[in-house]
$ cat entry.cif   # mmCIF, C-alpha atoms and all ligand atoms
data_data
loop_
_atom_site.label_atom_id
_atom_site.label_comp_id
_atom_site.auth_asym_id
_atom_site.auth_seq_id
_atom_site.Cartn_x
_atom_site.Cartn_y
_atom_site.Cartn_z
CA MET A 17 11.59 9.52 -20.35
CA TRP A 18 12.84 6.64 -18.19
CA VAL A 19 12.18 6.64 -14.44
CA LEU A 20 13.67 4.10 -12.06
CA GLY A 21 11.63 3.52 -8.89
CA ILE A 22 12.81 1.71 -5.77
CA ASP A 23 10.80 0.66 -2.72
CA THR A 24 12.38 -0.98 0.33
CA SER A 25 9.92 0.32 2.92
CA CYS A 26 9.16 -3.05 4.47
CA ASP A 27 9.86 -6.66 3.50
CA ASP A 28 9.69 -6.55 -0.31
CA THR A 29 12.50 -5.26 -2.49
CA GLY A 30 10.80 -3.42 -5.36
CA VAL A 31 12.54 -2.17 -8.51
CA GLY A 32 10.45 -0.75 -11.35
CA LEU A 33 11.06 1.03 -14.62
CA VAL A 34 8.50 3.36 -16.11
CA ARG A 35 8.79 4.93 -19.57
CA ASP A 36 6.64 8.02 -20.22
CA GLY A 37 4.18 6.89 -17.56
CA GLU A 38 3.94 3.26 -18.74
CA VAL A 39 5.21 0.44 -16.53
CA VAL A 40 7.85 -1.48 -18.51
CA VAL A 41 9.47 -3.61 -15.79
CA ASN A 42 8.31 -4.35 -12.25
CA LEU A 43 10.48 -6.75 -10.23
CA VAL A 44 9.70 -7.63 -6.63
CA GLY A 45 12.04 -9.68 -4.44
CA SER A 46 9.83 -11.23 -1.77
CA GLN A 47 11.19 -11.84 1.73
CA VAL A 48 8.25 -13.98 2.82
CA ALA A 49 10.35 -17.14 3.28
CA LEU A 50 12.99 -15.24 5.28
CA HIS A 51 10.55 -13.95 7.89
CA GLN A 52 8.16 -16.93 7.92
CA ALA A 53 9.76 -18.65 10.90
CA TYR A 54 9.37 -15.51 13.05
CA GLY A 55 5.69 -14.90 12.28
CA GLY A 56 6.34 -11.30 11.24
CA VAL A 57 8.90 -9.00 9.65
CA VAL A 58 12.25 -8.83 11.51
CA PRO A 59 13.50 -5.32 10.65
CA GLU A 60 17.23 -6.07 10.80
CA LEU A 61 16.88 -9.15 8.58
CA ALA A 62 14.78 -7.14 6.14
CA SER A 63 17.47 -4.43 5.82
CA ARG A 64 20.25 -6.94 5.24
CA GLU A 65 18.25 -8.78 2.61
CA HIS A 66 17.44 -5.52 0.78
CA LEU A 67 21.15 -4.73 0.74
CA LYS A 68 21.90 -8.09 -0.87
CA VAL A 69 19.05 -8.17 -3.36
CA LEU A 70 18.69 -4.54 -4.48
CA PRO A 71 21.81 -4.23 -6.73
CA VAL A 72 21.00 -7.56 -8.39
CA LEU A 73 17.36 -6.67 -9.04
CA THR A 74 18.33 -3.24 -10.38
CA ARG A 75 20.71 -4.81 -12.89
CA GLN A 76 18.05 -7.36 -13.88
CA ALA A 77 15.46 -4.63 -14.34
CA LEU A 78 17.74 -2.62 -16.64
CA GLU A 79 18.56 -5.75 -18.65
CA ALA A 80 14.88 -6.66 -18.94
CA ALA A 81 14.13 -3.18 -20.32
CA GLY A 82 17.13 -3.36 -22.65
CA ILE A 83 18.64 -0.13 -21.32
CA GLY A 84 21.75 0.90 -19.38
CA PRO A 85 22.01 3.11 -16.29
CA ARG A 86 22.87 6.13 -18.45
CA ASP A 87 19.50 5.89 -20.18
CA LEU A 88 17.74 6.75 -16.91
CA ASP A 89 16.37 10.29 -16.74
CA LEU A 90 15.04 10.32 -13.18
CA ILE A 91 15.69 8.14 -10.15
CA ALA A 92 13.09 7.79 -7.39
CA ALA A 93 12.90 5.94 -4.09
CA THR A 94 10.52 5.68 -1.17
CA ARG A 95 11.57 8.13 1.54
CA GLY A 96 8.97 6.93 4.04
CA PRO A 97 6.97 5.91 5.94
CA GLY A 98 8.21 2.42 6.77
CA LEU A 99 10.88 0.51 8.68
CA ILE A 100 13.71 2.99 8.95
CA GLY A 101 16.57 0.51 8.41
CA ALA A 102 14.85 -1.02 5.39
CA LEU A 103 13.97 2.39 3.93
CA LEU A 104 17.55 3.60 4.29
CA VAL A 105 18.87 0.82 2.05
CA GLY A 106 16.78 1.70 -1.01
CA TYR A 107 16.80 5.44 -0.38
CA THR A 108 20.56 5.69 -0.01
CA PHE A 109 21.20 3.32 -2.92
CA ALA A 110 18.96 5.39 -5.21
CA ARG A 111 20.41 8.71 -4.10
CA GLY A 112 23.93 7.39 -4.64
CA LEU A 113 23.02 6.11 -8.09
CA ALA A 114 21.44 9.42 -9.05
CA TRP A 115 24.48 11.32 -7.85
CA ALA A 116 26.90 9.02 -9.68
CA LEU A 117 24.92 9.32 -12.92
CA GLY A 118 24.29 13.04 -12.54
CA ARG A 119 20.52 12.57 -12.70
CA PRO A 120 17.78 14.16 -10.54
CA PHE A 121 16.68 12.20 -7.49
CA TYR A 122 13.02 12.14 -6.45
CA PRO A 123 12.07 11.22 -2.85
CA VAL A 124 8.60 9.63 -2.84
CA HIS A 125 5.94 9.15 -0.16
CA HIS A 126 4.99 5.46 0.04
CA LEU A 127 1.25 6.16 0.19
CA GLU A 128 1.41 8.58 -2.72
CA ALA A 129 3.13 5.77 -4.64
CA HIS A 130 0.29 3.35 -3.81
CA LEU A 131 -2.14 6.04 -4.92
CA ALA A 132 -0.24 6.63 -8.19
CA ALA A 133 -0.57 2.92 -9.01
CA ALA A 134 -4.34 3.01 -8.57
CA TRP A 135 -5.17 6.49 -9.93
CA PRO A 136 -6.28 5.99 -13.53
CA GLU A 137 -5.16 8.43 -16.21
CA GLY A 138 -8.02 10.77 -16.98
CA LEU A 139 -9.59 10.73 -13.50
CA ASP A 140 -9.47 14.33 -12.35
CA PRO A 141 -9.68 15.27 -8.65
CA PRO A 142 -11.57 15.64 -6.45
CA PHE A 143 -12.02 12.00 -5.52
CA LEU A 144 -11.82 9.85 -2.40
CA ALA A 145 -8.87 7.55 -1.80
CA LEU A 146 -8.77 4.57 0.53
CA LEU A 147 -5.22 3.48 1.32
CA ALA A 148 -5.43 0.04 2.89
CA SER A 149 -2.26 -1.92 3.51
CA GLY A 150 -0.40 -3.72 6.28
CA GLY A 151 0.36 -0.45 8.06
CA HIS A 152 -2.42 1.94 6.98
CA THR A 153 -6.16 2.19 6.64
CA HIS A 154 -6.63 5.85 5.79
CA LEU A 155 -9.36 7.61 3.88
CA PHE A 156 -8.42 10.83 2.08
CA LEU A 157 -10.16 13.47 0.04
CA VAL A 158 -7.80 14.06 -2.88
CA ARG A 159 -8.17 17.62 -4.17
CA GLY A 160 -5.13 17.48 -6.42
CA LEU A 161 -1.71 15.88 -6.71
CA GLY A 162 -0.09 16.44 -3.32
CA ASP A 163 -3.28 17.85 -1.80
CA TYR A 164 -4.73 15.29 0.60
CA ARG A 165 -7.24 15.83 3.41
CA LEU A 166 -7.54 13.04 5.95
CA LEU A 167 -11.22 12.10 6.44
CA GLY A 168 -10.85 9.01 8.58
CA ALA A 169 -8.38 6.39 9.71
CA THR A 170 -8.20 3.21 11.71
CA ARG A 171 -8.45 3.60 15.47
CA ASP A 172 -6.32 0.49 16.02
CA ASP A 173 -5.05 -2.13 13.55
CA ALA A 174 -4.76 -1.61 9.82
CA ALA A 175 -7.02 -3.80 7.66
CA GLY A 176 -4.06 -5.77 6.27
CA GLU A 177 -2.55 -6.12 9.73
CA ALA A 178 -5.80 -7.65 11.03
CA LEU A 179 -5.91 -10.04 8.06
CA ASP A 180 -2.28 -11.01 8.72
CA LYS A 181 -2.88 -11.58 12.44
CA VAL A 182 -6.03 -13.66 11.96
CA ALA A 183 -4.31 -15.67 9.22
CA ARG A 184 -1.59 -16.45 11.74
CA LEU A 185 -4.20 -17.45 14.28
CA LEU A 186 -5.67 -19.84 11.70
CA GLY A 187 -2.22 -21.28 10.99
CA LEU A 188 -2.08 -19.83 7.46
CA GLY A 189 0.98 -18.30 5.84
CA PHE A 190 2.08 -14.70 5.47
CA PRO A 191 0.84 -12.41 3.97
CA GLY A 192 -2.54 -13.13 5.48
CA GLY A 193 -4.85 -11.33 3.03
CA PRO A 194 -4.31 -13.68 0.08
CA ALA A 195 -4.19 -16.74 2.39
CA ILE A 196 -7.57 -15.87 3.93
CA GLU A 197 -8.98 -15.09 0.49
CA ARG A 198 -7.92 -18.54 -0.77
CA LEU A 199 -9.24 -20.43 2.26
CA ALA A 200 -12.55 -18.52 2.18
CA GLN A 201 -13.12 -19.80 -1.35
CA GLU A 202 -13.08 -23.39 -0.06
CA ALA A 203 -15.69 -22.69 2.61
CA GLU A 204 -19.08 -24.37 2.45
CA ALA A 205 -20.46 -22.24 5.27
CA GLU A 206 -19.71 -18.86 6.80
CA VAL A 207 -19.38 -17.92 10.47
CA PRO A 208 -20.97 -14.48 10.94
CA PHE A 209 -18.84 -11.70 12.45
CA PRO A 210 -20.23 -8.37 13.72
CA ILE A 211 -19.53 -5.35 11.49
CA PRO A 212 -17.40 -2.79 13.39
CA LEU A 213 -18.52 0.81 14.07
CA LYS A 214 -21.87 0.21 12.37
CA ASP A 215 -23.55 3.17 14.06
CA GLN A 216 -20.74 5.73 13.92
CA THR A 217 -21.42 9.08 12.31
CA GLY A 218 -17.76 9.58 11.36
CA LEU A 219 -15.53 7.84 8.84
CA ASP A 220 -13.24 5.82 11.08
CA PHE A 221 -12.20 2.21 10.87
CA SER A 222 -11.55 -0.38 13.57
CA PHE A 223 -10.38 -3.97 13.22
CA SER A 224 -9.18 -5.03 16.65
CA GLY A 225 -12.67 -6.13 17.82
CA LEU A 226 -12.91 -8.45 14.80
CA LYS A 227 -9.57 -9.95 15.79
CA THR A 228 -10.81 -10.62 19.33
CA GLU A 229 -13.97 -12.16 17.91
CA ALA A 230 -11.81 -14.40 15.70
CA VAL A 231 -9.90 -15.65 18.76
CA ARG A 232 -13.19 -16.44 20.52
CA LEU A 233 -14.63 -18.29 17.53
CA VAL A 234 -11.44 -20.28 16.91
CA GLU A 235 -11.58 -21.45 20.52
CA LYS A 236 -15.16 -22.60 19.91
CA GLY A 237 -13.79 -24.90 17.20
CA TYR A 238 -15.55 -23.60 14.07
CA PRO A 239 -14.06 -24.88 10.79
CA LYS A 240 -11.25 -22.66 9.53
CA PRO A 241 -12.60 -22.04 6.00
CA ALA A 242 -15.94 -20.85 7.42
CA LEU A 243 -14.08 -18.58 9.85
CA ALA A 244 -11.87 -17.20 7.08
CA ARG A 245 -14.93 -16.47 4.93
CA GLY A 246 -16.82 -14.76 7.74
CA PHE A 247 -13.81 -12.71 8.82
CA GLN A 248 -13.02 -11.59 5.28
CA ARG A 249 -16.69 -10.67 4.77
CA ALA A 250 -16.66 -8.49 7.92
CA VAL A 251 -13.40 -6.72 6.98
CA VAL A 252 -14.71 -6.01 3.47
CA GLU A 253 -18.18 -4.99 4.67
CA HIS A 254 -16.70 -2.57 7.19
CA LEU A 255 -14.47 -0.95 4.55
CA ALA A 256 -17.39 -0.84 2.10
CA GLN A 257 -19.83 0.73 4.59
CA VAL A 258 -17.42 3.50 5.56
CA LEU A 259 -16.68 4.19 1.88
CA LYS A 260 -20.38 4.31 1.07
CA ARG A 261 -20.98 6.82 3.87
CA ALA A 262 -18.00 8.89 2.68
CA VAL A 263 -19.28 8.93 -0.90
CA GLU A 264 -22.74 10.02 0.25
CA ALA A 265 -21.18 12.81 2.31
CA HIS A 266 -19.10 13.97 -0.66
CA GLU A 267 -21.63 14.30 -3.48
CA GLY A 268 -21.04 10.88 -4.97
CA LEU A 269 -17.33 11.32 -5.67
CA PRO A 270 -15.52 8.31 -7.15
CA VAL A 271 -13.22 6.25 -4.93
CA VAL A 272 -9.68 5.10 -5.68
CA VAL A 273 -8.71 2.06 -3.61
CA ALA A 274 -4.96 1.54 -3.14
CA GLY A 275 -2.52 -0.56 -1.10
CA GLY A 276 -2.13 -4.33 -0.70
CA VAL A 277 -5.75 -4.85 0.43
CA ALA A 278 -6.91 -3.39 -2.91
CA ALA A 279 -5.98 -6.79 -4.39
CA ASN A 280 -8.95 -8.36 -2.59
CA ARG A 281 -11.58 -9.69 -4.99
CA LEU A 282 -14.49 -9.55 -2.56
CA LEU A 283 -13.77 -5.88 -1.87
CA ARG A 284 -13.71 -5.19 -5.59
CA SER A 285 -17.07 -6.89 -6.18
CA ARG A 286 -18.73 -5.50 -3.04
CA LEU A 287 -18.02 -1.87 -3.92
CA GLY A 288 -19.49 -2.54 -7.35
CA GLU A 289 -22.62 -4.09 -5.80
CA LEU A 290 -23.10 -1.01 -3.65
CA GLY A 291 -23.04 1.11 -6.78
CA LEU A 292 -19.84 2.97 -5.89
CA LYS A 293 -17.66 4.17 -8.73
CA ALA A 294 -14.41 2.54 -7.59
CA TYR A 295 -10.99 2.26 -9.21
CA PHE A 296 -8.38 -0.32 -8.27
CA PRO A 297 -4.73 -0.81 -9.26
CA PRO A 298 -3.72 -3.66 -11.58
CA LEU A 299 -3.03 -6.68 -9.32
CA ALA A 300 0.74 -6.54 -9.96
CA LEU A 301 0.82 -2.95 -8.69
CA ALA A 302 -1.43 -3.37 -5.61
CA ARG A 303 1.21 -4.71 -3.23
CA ASP A 304 4.51 -2.94 -2.50
CA ASN A 305 6.60 -2.52 -5.64
CA GLY A 306 9.06 -0.16 -7.31
CA ALA A 307 6.99 0.72 -10.39
CA MET A 308 4.47 2.61 -8.26
CA VAL A 309 7.32 4.74 -6.88
CA ALA A 310 8.48 5.53 -10.41
CA LEU A 311 4.88 6.35 -11.39
CA ALA A 312 4.50 8.75 -8.46
CA ALA A 313 7.73 10.57 -9.33
CA TRP A 314 6.78 10.71 -13.01
CA ARG A 315 3.36 12.20 -12.22
CA ARG A 316 4.92 14.90 -10.09
CA HIS A 317 7.53 15.60 -12.73
CA ARG A 318 4.82 15.84 -15.40
CA ALA A 319 2.82 18.21 -13.20
CA GLY A 320 5.87 20.47 -12.99
CA PHE A 321 6.88 19.81 -9.38
CA PRO A 322 10.68 20.04 -9.21
CA PRO A 323 12.39 17.28 -7.18
CA PRO A 324 12.09 18.35 -3.53
CA LYS A 325 15.11 18.46 -1.22
CA ALA A 326 15.84 14.83 -0.38
CA GLY A 327 16.48 15.06 3.41
CA GLY A 328 16.71 11.87 5.44
CA ALA A 329 14.49 8.79 5.21
CA LEU A 330 11.36 9.06 7.41
CA ALA A 331 9.92 6.20 9.46
CA TYR A 332 6.86 8.34 10.23
CA TRP A 333 5.55 10.69 7.59
CA PRO A 334 1.82 11.52 7.43
CA LEU A 335 0.57 11.92 3.87
CA GLU A 336 -1.21 15.17 4.80
CA ALA A 337 2.19 16.67 5.67
CA LEU A 338 3.19 16.23 2.05
CA ALA A 339 0.80 18.93 0.84
CA LEU A 340 3.07 21.81 -0.02
CA SER A 341 6.38 21.29 1.69
CA HIS A 342 6.89 17.67 0.60
CA GLY A 343 8.46 16.89 3.94
CA GLY A 344 8.96 18.47 7.28
CA ALA A 345 7.50 15.60 9.28
CA VAL A 346 8.52 14.37 12.70
CA GLU A 347 11.19 11.72 12.42
CA SER A 348 9.86 9.09 14.79
CA GLY A 349 7.67 6.00 14.86
CA MET A 350 7.98 2.49 13.47
CA GLY A 351 6.07 0.03 11.33
CA CYS A 352 5.52 -0.44 7.63
O1 LIG B 401 0.74 -2.34 0.48
P1 LIG B 401 1.33 -3.59 1.01
O2 LIG B 401 1.94 -4.56 0.05
O3 LIG B 401 2.42 -3.30 2.07
C1 LIG B 401 2.33 -2.31 3.01
O4 LIG B 401 2.64 -1.14 2.67
O5 LIG B 401 1.90 -2.66 4.14
O6 LIG B 401 0.15 -4.31 1.83
C2 LIG B 401 0.35 -5.53 2.44
C3 LIG B 401 -0.96 -5.98 3.07
C4 LIG B 401 -0.80 -7.23 3.90
O7 LIG B 401 -1.35 -7.01 5.17
C5 LIG B 401 -1.59 -8.27 3.12
O8 LIG B 401 -2.19 -9.25 3.94
C6 LIG B 401 -2.61 -7.43 2.40
O9 LIG B 401 -1.93 -6.25 2.06
N1 LIG B 401 -3.09 -8.10 1.18
C7 LIG B 401 -4.37 -8.47 0.98
C8 LIG B 401 -4.40 -9.15 -0.27
N2 LIG B 401 -3.13 -9.14 -0.79
C9 LIG B 401 -2.35 -8.49 0.12
N3 LIG B 401 -5.46 -8.30 1.74
C10 LIG B 401 -6.62 -8.81 1.26
N4 LIG B 401 -6.73 -9.48 0.09
C11 LIG B 401 -5.66 -9.67 -0.70
N5 LIG B 401 -5.77 -10.33 -1.85
ZN ZN B 402 2.69 -0.42 0.96
#
$ encode --input "entry.cif" --output "structure tokens" --more "lines below"
Ligand code: KG4
Ligand code: ZN
Amino acid sequence: MWVLGIDTSCDDTGVGLVRDGEVVVNLVGSQVALHQAYGGVVPELASREHLKVLPVLTRQALEAAGIGPRDLDLIAATRGPGLIGALLVGYTFARGLAWALGRPFYPVHHLEAHLAAAWPEGLDPPFLALLASGGHTHLFLVRGLGDYRLLGATRDDAAGEALDKVARLLGLGFPGGPAIERLAQEAEAEVPFPIPLKDQTGLDFSFSGLKTEAVRLVEKGYPKPALARGFQRAVVEHLAQVLKRAVEAHEGLPVVVAGGVAANRLLRSRLGELGLKAYFPPLALARDNGAMVALAAWRRHRAGFPPPKAGGALAYWPLEALALSHGGAVESGMGC
């Protein structure tokens, strides 16, 4: 069974093809160069670029798999959350394609897609899931496919957002996570940063204090590699400490780490050092892509969920709202 997955929730155009749950093609058109000069994603430019790139990438993906549009059995696209103009491009394109081909269309939640990319076959719920990206740092208890209980979330910036902002402060490129990771490797020393919310009893995250500390330390003139290493350490340590506390509070459940930040090597090794049983997505599936959308739709299809009513694209769509209705969220908010 062939599933086409499309993600245009932010600044990457993702087109993926999955056959019987295996990723066959995963093409990502990056818009990094387009937005570089502005220091962040310009929503209108992102939408226009998706419009230009998406049909080309879709054709290339089909060619790479050696199939035609009529071989597709299911067509899926991210419905939300994300930048509404950007979402609309992929969502409408995919719905139109499904309608033209007479195939079912599957609207997908972006975070469930990240989770699908990281959730290994054979791992049965319950487990914990950390979704850490440019727009989210959310910790869920996963009790089943589509059954997510929010345990904690960031009080301010997302982990990826903080990495992106501090990378900008250090004059590094976008996205910030990989840039900081690279620079940290060159460091001979490390500037210590305080670990946020060390004494909390809950499972929240906070990154804005680390950002302020970074501004203060940059002004003091510390070398950039040492700052990058210290900042990365603090971000990772904070995530790791909250996860450890969550695991202890939930009878040692395993943790699935998903979203762009799941690509971070220090995070991967630190969770291992702490003795947590953690699962990560393959690197190519950690950041936004279309294959994860196809995987999410395929998993739901396999579990016997019929395609839900498509409705409109949703800028704001909490994952917890997905539980039974697969929709019904408030249509407001911005960000990706
Ligand atoms: O999931 P994603 O591709 O897009 C969103 O849905 O936001 O996540 C992007 C975020 C960016 O903030 C980026 O800096 C971060 O993931 N990221 C990383 C790494 N690669 C990407 N953070 C830390 N280490 C990395 N290797
Ligand atoms: Zn994402």
$ axis_aligned_box --input "entry.cif" --around "ligand LIG 401 (chain B)" --padding-each-side "4 Å" --output "lines of an AutoDock Vina configuration file"
center_x = -2.0
center_y = -5.7
center_z = 1.7
size_x = 17.4
size_y = 17.2
size_z = 15.0
$ closest_atom_pairs --input "entry.cif" --of "stretch 99-199 of chain A" --to "stretch 33-43 of chain A" --cutoff "12 Å" --atoms "all atoms listed in the file" --output "Markdown table"
| residue | atom | partner | partner_atom | distance |
| --- | --- | --- | --- | --- |
| A:Ala132 | CA | A:Gly37 | CA | 10.4 |
| A:Ala133 | CA | A:Val39 | CA | 9.8 |
| A:Pro136 | CA | A:Gly37 | CA | 11.2 |
| A:Glu137 | CA | A:Gly37 | CA | 9.6 |
$ closest_atom_pairs --input "entry.cif" --of "chain A" --to "ligand ZN 402 (chain B)" --cutoff "6 Å" --atoms "all atoms listed in the file" --output "Markdown table"
| residue | atom | partner | partner_atom | distance |
| --- | --- | --- | --- | --- |
| A:Ser149 | CA | B:ZN402 | ZN | 5.8 |
| A:Gly275 | CA | B:ZN402 | ZN | 5.6 |
| A:Asp304 | CA | B:ZN402 | ZN | 4.7 |
$ closest_residue --input "entry.cif" --among "A:Leu157, A:Ser46, A:Ala205, A:Gly21" --to "A:Val271" --atoms "all atoms listed in the file"
A:Leu157
$ atom_distance --input "entry.cif" --atom1 "atom CA of A:Glu336" --atom2 "atom CA of A:Arg315"
17.9 Å
$ residues_near_ligand --input "entry.cif" --ligand "ligand LIG 401 (chain B)" --cutoff "6 Å" --atoms "only C-alpha atoms and all ligand atoms" --output "PyMOL selection string"
chain A and resi 149-151+176-177+179-180+191-194+275-277+279-280+303-304+352
$ residues_around --input "entry.cif" --residues "A:Thr29" --least-positions-apart "2" --cutoff "7 Å" --atoms "only C-alpha atoms" --output "JSON, numbers by chain"
{"A": [23, 24, 27, 31, 44, 45, 46, 66, 70]}
$ build_atoms --input "entry.cif" --residues "stretch 330-339 of chain A" --atoms "all heavy atoms" --output "tab-separated table (two decimals), keeping the file's coordinate frame"
chain	number	residue	atom	x	y	z
A	330	LEU	N	12.30	8.77	6.31
A	330	LEU	CA	11.36	9.06	7.41
A	330	LEU	C	10.54	7.83	7.77
A	330	LEU	O	9.75	7.35	6.96
A	330	LEU	CB	10.41	10.18	6.99
A	330	LEU	CG	11.02	11.56	6.71
A	330	LEU	CD1	9.99	12.46	6.04
A	330	LEU	CD2	11.50	12.20	8.00
A	331	ALA	N	10.72	7.34	9.00
A	331	ALA	CA	9.92	6.20	9.46
A	331	ALA	C	8.45	6.60	9.56
A	331	ALA	O	7.55	5.86	9.21
A	331	ALA	CB	10.42	5.72	10.81
A	332	TYR	N	8.22	7.81	10.04
A	332	TYR	CA	6.86	8.34	10.23
A	332	TYR	C	6.71	9.58	9.37
A	332	TYR	O	7.52	10.52	9.46
A	332	TYR	CB	6.67	8.68	11.72
A	332	TYR	CG	5.37	9.35	12.03
A	332	TYR	CD1	4.18	8.65	11.96
A	332	TYR	CD2	5.33	10.69	12.39
A	332	TYR	CE1	2.97	9.28	12.23
A	332	TYR	CE2	4.13	11.32	12.67
A	332	TYR	CZ	2.95	10.61	12.60
A	332	TYR	OH	1.77	11.23	12.87
A	333	TRP	N	5.70	9.58	8.53
A	333	TRP	CA	5.55	10.69	7.59
A	333	TRP	C	4.10	10.73	7.13
A	333	TRP	O	3.72	10.06	6.17
A	333	TRP	CB	6.48	10.47	6.39
A	333	TRP	CG	6.58	11.63	5.44
A	333	TRP	CD1	6.17	12.91	5.62
A	333	TRP	CD2	7.17	11.58	4.12
A	333	TRP	NE1	6.46	13.66	4.51
A	333	TRP	CE2	7.07	12.88	3.58
A	333	TRP	CE3	7.77	10.58	3.35
A	333	TRP	CZ2	7.54	13.19	2.31
A	333	TRP	CZ3	8.24	10.89	2.09
A	333	TRP	CH2	8.14	12.17	1.58
A	334	PRO	N	3.24	11.49	7.82
A	334	PRO	CA	1.82	11.52	7.43
A	334	PRO	C	1.66	12.09	6.02
A	334	PRO	O	2.32	13.06	5.67
A	334	PRO	CB	1.18	12.46	8.46
A	334	PRO	CG	2.20	12.70	9.50
A	334	PRO	CD	3.54	12.40	8.94
A	335	LEU	N	0.78	11.48	5.26
A	335	LEU	CA	0.57	11.92	3.87
A	335	LEU	C	0.10	13.37	3.81
A	335	LEU	O	0.48	14.12	2.91
A	335	LEU	CB	-0.45	11.00	3.18
A	335	LEU	CG	-0.68	11.24	1.69
A	335	LEU	CD1	0.57	10.98	0.87
A	335	LEU	CD2	-1.81	10.36	1.17
A	336	GLU	N	-0.71	13.78	4.80
A	336	GLU	CA	-1.21	15.17	4.80
A	336	GLU	C	-0.07	16.18	4.89
A	336	GLU	O	-0.17	17.29	4.40
A	336	GLU	CB	-2.15	15.43	5.98
A	336	GLU	CG	-3.17	14.37	6.28
A	336	GLU	CD	-2.59	13.27	7.14
A	336	GLU	OE1	-2.04	12.32	6.55
A	336	GLU	OE2	-2.69	13.34	8.37
A	337	ALA	N	1.06	15.76	5.50
A	337	ALA	CA	2.19	16.67	5.67
A	337	ALA	C	2.89	16.94	4.35
A	337	ALA	O	3.71	17.83	4.24
A	337	ALA	CB	3.18	16.10	6.68
A	338	LEU	N	2.54	16.13	3.35
A	338	LEU	CA	3.19	16.23	2.05
A	338	LEU	C	2.75	17.49	1.32
A	338	LEU	O	3.50	18.05	0.53
A	338	LEU	CB	2.75	15.00	1.23
A	338	LEU	CG	3.53	14.60	0.01
A	338	LEU	CD1	4.95	14.26	0.41
A	338	LEU	CD2	2.89	13.36	-0.61
A	339	ALA	N	1.52	17.93	1.63
A	339	ALA	CA	0.80	18.93	0.84
A	339	ALA	C	1.69	19.89	0.06
A	339	ALA	O	1.84	19.74	-1.14
A	339	ALA	CB	-0.17	19.67	1.73
